[in-house]
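> Got a structure for you, questions after.
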Amino acid sequence: MKVGRGSRGGGERGGGGVVEEERSGGVEAAPPVKRRRVAVAPSAGAGGSRRVQAEASPLQRLFRACRAVFRGPGTVPAPGEVDLLCSMLDKMKPEDVGLRADQEFFTARDDDEGIPLIKNTTLYECDNFTMIIFFLPRNAIIPLHDHPGMTVFSKLLIGSLHIRSYDWVDPEPALSCSSSSGDQLRLAKRVVNGVFTAPCDTSVLYPTTGGNMHRFRAIAPCAILDILGPPYSTEDGRDCTYYRAIPYSRHSVKNGAADQLTGVDEEGHRLSWLTETIPRMLRMRQIRYGGPPISDDE
């Protein structure tokens, strides 16, 4: 999901909750983050003193790991690096980004157009990766979309979410056809289809076959921490494309392989045809991040 560009690195940002840039918003600010007191201990030298460094916050440690793991466009994190980020994200709590599990993110005014309003806030962004939180009210949907050449980590912090993700059957569009309306269709396999409730394991999308597409639907109000590396960039060919899934049985291909006859591949993944689309029922608003600060001056 592509969002407006947030602030890039440099210094610290934040300080206690998530608030909207507009006064009329429906995001309730979380209570201020308690700062750890820094102790002072005697220095090893004569008559001096030294300041004991405060322990880095979970968010700051996650940022450091992302900075080491994401090395820019054209690179993919190694399996051990993926495991490292997943283990850190699995331990992340709402409080680590200035949220509360019982926090109200939306009001009746947010739904006055009949389409659920999705909000997002950028925690950090640079050329190699971006950290974003999405807030979805109940029944809100982020339509099926891709992440070209990107590795994506999604951590559900609050709520319950249905996730459906796909990957291309073939990295090159060899298995494709046209619908009766002339739309170009491309064959994809469904790799995830289930409901996740916080706290739960981190979901990862890999750029190995060029697809890594997913769709979110909020069963209950949700807060999702997404880390994308590298970020979307139209200039660099990483634009966001939306898709609509069509049952495999509605179309066919010319060869008679068993998976094409049954609509299921040899690994048990259900097949679908995907066609590009423009979402008509999507409302999104960017809000200002006000949680624990991230510093890249280390």
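All residue names refer to the structure tokens as shown: chains lettered A, B, ... in order, residues numbered from 1 in each chain, ligands numbered from 1 in order.
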Give the strand (DSSP E or B) residues of range 59-210 of chain A, as DSSP finds them on the backbone, and put them as a PyMOL selection string.

chain A and resi 117-125+130-136+141-145+151-168+176-178+184-197+203-205

> Please report, as JSON lines, each residue of range 123-242 of chain A lying at most 10 Å from range 50-74 of chain A, together with the nearest pair of atoms and the separation in Å rounded to one decimal; use only C-alpha atoms, and order rows by chain and ascending residue number.


```
{"residue": "A:Leu123", "atom": "CA", "partner": "A:Leu59", "partner_atom": "CA", "distance": 9.8}
{"residue": "A:Tyr124", "atom": "CA", "partner": "A:Phe63", "partner_atom": "CA", "distance": 8.6}
{"residue": "A:Cys126", "atom": "CA", "partner": "A:Arg67", "partner_atom": "CA", "distance": 9.5}
{"residue": "A:Asp127", "atom": "CA", "partner": "A:Gly72", "partner_atom": "CA", "distance": 6.9}
{"residue": "A:Asn128", "atom": "CA", "partner": "A:Gly72", "partner_atom": "CA", "distance": 4.4}
{"residue": "A:Phe129", "atom": "CA", "partner": "A:Phe70", "partner_atom": "CA", "distance": 6.5}
{"residue": "A:Thr130", "atom": "CA", "partner": "A:Cys66", "partner_atom": "CA", "distance": 9.1}
{"residue": "A:Met131", "atom": "CA", "partner": "A:Phe63", "partner_atom": "CA", "distance": 8.7}
{"residue": "A:Gly149", "atom": "CA", "partner": "A:Gly74", "partner_atom": "CA", "distance": 7.1}
{"residue": "A:Met150", "atom": "CA", "partner": "A:Pro73", "partner_atom": "CA", "distance": 8.0}
{"residue": "A:Thr151", "atom": "CA", "partner": "A:Phe70", "partner_atom": "CA", "distance": 9.1}
{"residue": "A:Pro207", "atom": "CA", "partner": "A:Gly74", "partner_atom": "CA", "distance": 10.0}
{"residue": "A:Ile227", "atom": "CA", "partner": "A:Cys66", "partner_atom": "CA", "distance": 8.5}
{"residue": "A:Leu228", "atom": "CA", "partner": "A:Phe70", "partner_atom": "CA", "distance": 9.1}
{"residue": "A:Gly229", "atom": "CA", "partner": "A:Phe70", "partner_atom": "CA", "distance": 6.1}
{"residue": "A:Pro230", "atom": "CA", "partner": "A:Pro73", "partner_atom": "CA", "distance": 5.7}
{"residue": "A:Pro231", "atom": "CA", "partner": "A:Pro73", "partner_atom": "CA", "distance": 8.7}
{"residue": "A:Asp236", "atom": "CA", "partner": "A:Pro73", "partner_atom": "CA", "distance": 8.8}
{"residue": "A:Arg238", "atom": "CA", "partner": "A:Pro73", "partner_atom": "CA", "distance": 9.6}
```

> Let's have the selection written as a PDB file, in the first residue's frame, with N, CA, C and O atoms.


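Result saved to out23.pdb:
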```pdb
ATOM      1  N   LEU A 123       6.591   6.396  10.656  1.00  0.00           N
ATOM      2  CA  LEU A 123       7.508   6.500  11.772  1.00  0.00           C
ATOM      3  C   LEU A 123       8.893   6.934  11.312  1.00  0.00           C
ATOM      4  O   LEU A 123       9.570   7.724  11.976  1.00  0.00           O
ATOM      5  N   TYR A 124       9.299   6.377  10.165  1.00  0.00           N
ATOM      6  CA  TYR A 124      10.637   6.682   9.642  1.00  0.00           C
ATOM      7  C   TYR A 124      10.669   6.304   8.172  1.00  0.00           C
ATOM      8  O   TYR A 124      10.034   5.327   7.762  1.00  0.00           O
ATOM      9  N   CYS A 126      13.583   6.329   4.700  1.00  0.00           N
ATOM     10  CA  CYS A 126      14.827   6.667   4.032  1.00  0.00           C
ATOM     11  C   CYS A 126      14.833   5.932   2.692  1.00  0.00           C
ATOM     12  O   CYS A 126      13.850   5.301   2.320  1.00  0.00           O
ATOM     13  N   ASP A 127      15.923   5.998   1.964  1.00  0.00           N
ATOM     14  CA  ASP A 127      15.971   5.362   0.653  1.00  0.00           C
ATOM     15  C   ASP A 127      15.943   3.837   0.732  1.00  0.00           C
ATOM     16  O   ASP A 127      15.565   3.176  -0.242  1.00  0.00           O
ATOM     17  N   ASN A 128      16.343   3.267   1.875  1.00  0.00           N
ATOM     18  CA  ASN A 128      16.449   1.809   1.988  1.00  0.00           C
ATOM     19  C   ASN A 128      15.223   1.143   2.600  1.00  0.00           C
ATOM     20  O   ASN A 128      14.952  -0.030   2.309  1.00  0.00           O
ATOM     21  N   PHE A 129      14.492   1.841   3.462  1.00  0.00           N
ATOM     22  CA  PHE A 129      13.312   1.224   4.087  1.00  0.00           C
ATOM     23  C   PHE A 129      12.411   2.305   4.660  1.00  0.00           C
ATOM     24  O   PHE A 129      12.809   3.460   4.831  1.00  0.00           O
ATOM     25  N   THR A 130      11.185   1.898   4.952  1.00  0.00           N
ATOM     26  CA  THR A 130      10.230   2.785   5.594  1.00  0.00           C
ATOM     27  C   THR A 130       9.457   2.008   6.645  1.00  0.00           C
ATOM     28  O   THR A 130       9.230   0.795   6.504  1.00  0.00           O
ATOM     29  N   MET A 131       9.063   2.689   7.720  1.00  0.00           N
ATOM     30  CA  MET A 131       8.292   2.097   8.817  1.00  0.00           C
ATOM     31  C   MET A 131       6.986   2.876   8.929  1.00  0.00           C
ATOM     32  O   MET A 131       6.998   4.092   9.130  1.00  0.00           O
ATOM     33  N   GLY A 149       9.766  -5.904  -6.046  1.00  0.00           N
ATOM     34  CA  GLY A 149      11.157  -5.869  -5.611  1.00  0.00           C
ATOM     35  C   GLY A 149      11.349  -5.520  -4.154  1.00  0.00           C
ATOM     36  O   GLY A 149      12.439  -5.120  -3.745  1.00  0.00           O
ATOM     37  N   MET A 150      10.314  -5.680  -3.333  1.00  0.00           N
ATOM     38  CA  MET A 150      10.359  -5.249  -1.942  1.00  0.00           C
ATOM     39  C   MET A 150      10.144  -6.436  -1.002  1.00  0.00           C
ATOM     40  O   MET A 150       9.418  -7.372  -1.320  1.00  0.00           O
ATOM     41  N   THR A 151      10.784  -6.379   0.165  1.00  0.00           N
ATOM     42  CA  THR A 151      10.511  -7.320   1.245  1.00  0.00           C
ATOM     43  C   THR A 151       9.656  -6.582   2.268  1.00  0.00           C
ATOM     44  O   THR A 151       9.984  -5.463   2.666  1.00  0.00           O
ATOM     45  N   PRO A 207      10.277 -10.876  -2.243  1.00  0.00           N
ATOM     46  CA  PRO A 207      10.259 -10.504  -3.662  1.00  0.00           C
ATOM     47  C   PRO A 207      10.824 -11.592  -4.570  1.00  0.00           C
ATOM     48  O   PRO A 207      11.224 -11.316  -5.690  1.00  0.00           O
ATOM     49  N   ILE A 227       6.911  -2.695   7.714  1.00  0.00           N
ATOM     50  CA  ILE A 227       8.265  -2.284   7.343  1.00  0.00           C
ATOM     51  C   ILE A 227       8.493  -2.754   5.918  1.00  0.00           C
ATOM     52  O   ILE A 227       8.358  -3.946   5.623  1.00  0.00           O
ATOM     53  N   LEU A 228       8.819  -1.819   5.023  1.00  0.00           N
ATOM     54  CA  LEU A 228       9.008  -2.135   3.613  1.00  0.00           C
ATOM     55  C   LEU A 228      10.422  -1.744   3.194  1.00  0.00           C
ATOM     56  O   LEU A 228      10.864  -0.621   3.453  1.00  0.00           O
ATOM     57  N   GLY A 229      11.126  -2.684   2.575  1.00  0.00           N
ATOM     58  CA  GLY A 229      12.455  -2.372   2.105  1.00  0.00           C
ATOM     59  C   GLY A 229      12.723  -2.968   0.732  1.00  0.00           C
ATOM     60  O   GLY A 229      12.592  -4.167   0.549  1.00  0.00           O
ATOM     61  N   PRO A 230      13.071  -2.119  -0.234  1.00  0.00           N
ATOM     62  CA  PRO A 230      13.068  -0.654  -0.162  1.00  0.00           C
ATOM     63  C   PRO A 230      11.653  -0.099  -0.268  1.00  0.00           C
ATOM     64  O   PRO A 230      10.725  -0.838  -0.585  1.00  0.00           O
ATOM     65  N   PRO A 231      11.454   1.202  -0.044  1.00  0.00           N
ATOM     66  CA  PRO A 231      10.109   1.780  -0.116  1.00  0.00           C
ATOM     67  C   PRO A 231       9.603   1.832  -1.556  1.00  0.00           C
ATOM     68  O   PRO A 231      10.356   1.629  -2.509  1.00  0.00           O
ATOM     69  N   ASP A 236      11.891   4.768  -9.490  1.00  0.00           N
ATOM     70  CA  ASP A 236      12.735   3.579  -9.572  1.00  0.00           C
ATOM     71  C   ASP A 236      11.972   2.331 -10.003  1.00  0.00           C
ATOM     72  O   ASP A 236      12.471   1.209  -9.878  1.00  0.00           O
ATOM     73  N   ARG A 238       9.115   1.097  -8.713  1.00  0.00           N
ATOM     74  CA  ARG A 238       8.435   0.368  -7.633  1.00  0.00           C
ATOM     75  C   ARG A 238       7.132   1.090  -7.289  1.00  0.00           C
ATOM     76  O   ARG A 238       6.939   1.573  -6.179  1.00  0.00           O
TER      77      ARG A 238
END
```

> What does the distance from CA of Pro143 in chain A to CA of Tyr243 in chain A come to in Å, to one decimal?

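Between CA of Pro143 in chain A and CA of Tyr243 in chain A the gap works out to 7.5 Å.
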
> Can you pull out every residue within 7 Å of Phe135 in chain A, counting only C-alpha atoms, but drop anything in the same chain fewer than 6 positions away, and send it as a PyMOL selection string?

chain A and resi 118-120+222-224

> With C-alpha atoms kept, could you save the residues just selected as a short mmCIF file (atom, residue, chain, number, x, y, z; two decimals), in the first residue's frame?


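As written to disk, result01.cif reads:
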```cif
data_model
loop_
_atom_site.label_atom_id
_atom_site.label_comp_id
_atom_site.auth_asym_id
_atom_site.auth_seq_id
_atom_site.Cartn_x
_atom_site.Cartn_y
_atom_site.Cartn_z
CA ILE A 118 -8.03 4.08 6.84
CA LYS A 119 -5.35 6.16 8.53
CA ASN A 120 -1.59 5.79 8.36
CA CYS A 222 -6.58 -2.83 13.79
CA ALA A 223 -3.17 -1.23 14.06
CA ILE A 224 -0.55 -2.78 11.76
#
```

> So that I can check the surroundings of Val191 in chain A, please list as a VMD selection string every protein, DNA and RNA residue that reaches within 9 Å of it, counting only C-alpha atoms and ignoring chain neighbours fewer than 4 positions away.

chain A and resid 164 to 167 269 to 270

> I need the residues from that last selection saved to file as a compact mmCIF listing (two decimals), in the first residue's frame (with N, CA, C and O atoms), if you can.


```txt
# COMPACT_ATOMS: atom_id res chain seq x y z
N ARG A 164 -5.08 -12.16 3.04
CA ARG A 164 -5.01 -13.05 1.88
C ARG A 164 -3.84 -12.58 1.02
O ARG A 164 -3.78 -11.40 0.65
N SER A 165 -2.89 -13.46 0.77
CA SER A 165 -1.73 -13.07 -0.03
C SER A 165 -1.53 -14.03 -1.19
O SER A 165 -1.91 -15.20 -1.12
N TYR A 166 -0.94 -13.50 -2.27
CA TYR A 166 -0.72 -14.24 -3.50
C TYR A 166 0.71 -14.06 -3.97
O TYR A 166 1.39 -13.09 -3.61
N ASP A 167 1.14 -14.98 -4.80
CA ASP A 167 2.39 -14.83 -5.54
C ASP A 167 2.16 -15.35 -6.94
O ASP A 167 1.27 -16.18 -7.17
N HIS A 269 -1.64 -24.99 -3.27
CA HIS A 269 -2.07 -23.60 -3.32
C HIS A 269 -3.21 -23.43 -4.34
O HIS A 269 -3.11 -23.91 -5.46
N ARG A 270 -4.26 -22.75 -3.91
CA ARG A 270 -5.36 -22.50 -4.84
C ARG A 270 -4.96 -21.43 -5.85
O ARG A 270 -4.32 -20.44 -5.51
```

> In Å, with one decimal, what is the gap from CA of Lys155 in chain A to CA of Val169 in chain A?

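According to the coordinates, CA of Lys155 in chain A and CA of Val169 in chain A are separated by 25.9 Å.
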
> Measure the distance from CA of Gln286 in chain A to CA of Ile141 in chain A in Å and round it to one decimal.

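Computing it gives 16.2 Å between the two atoms.
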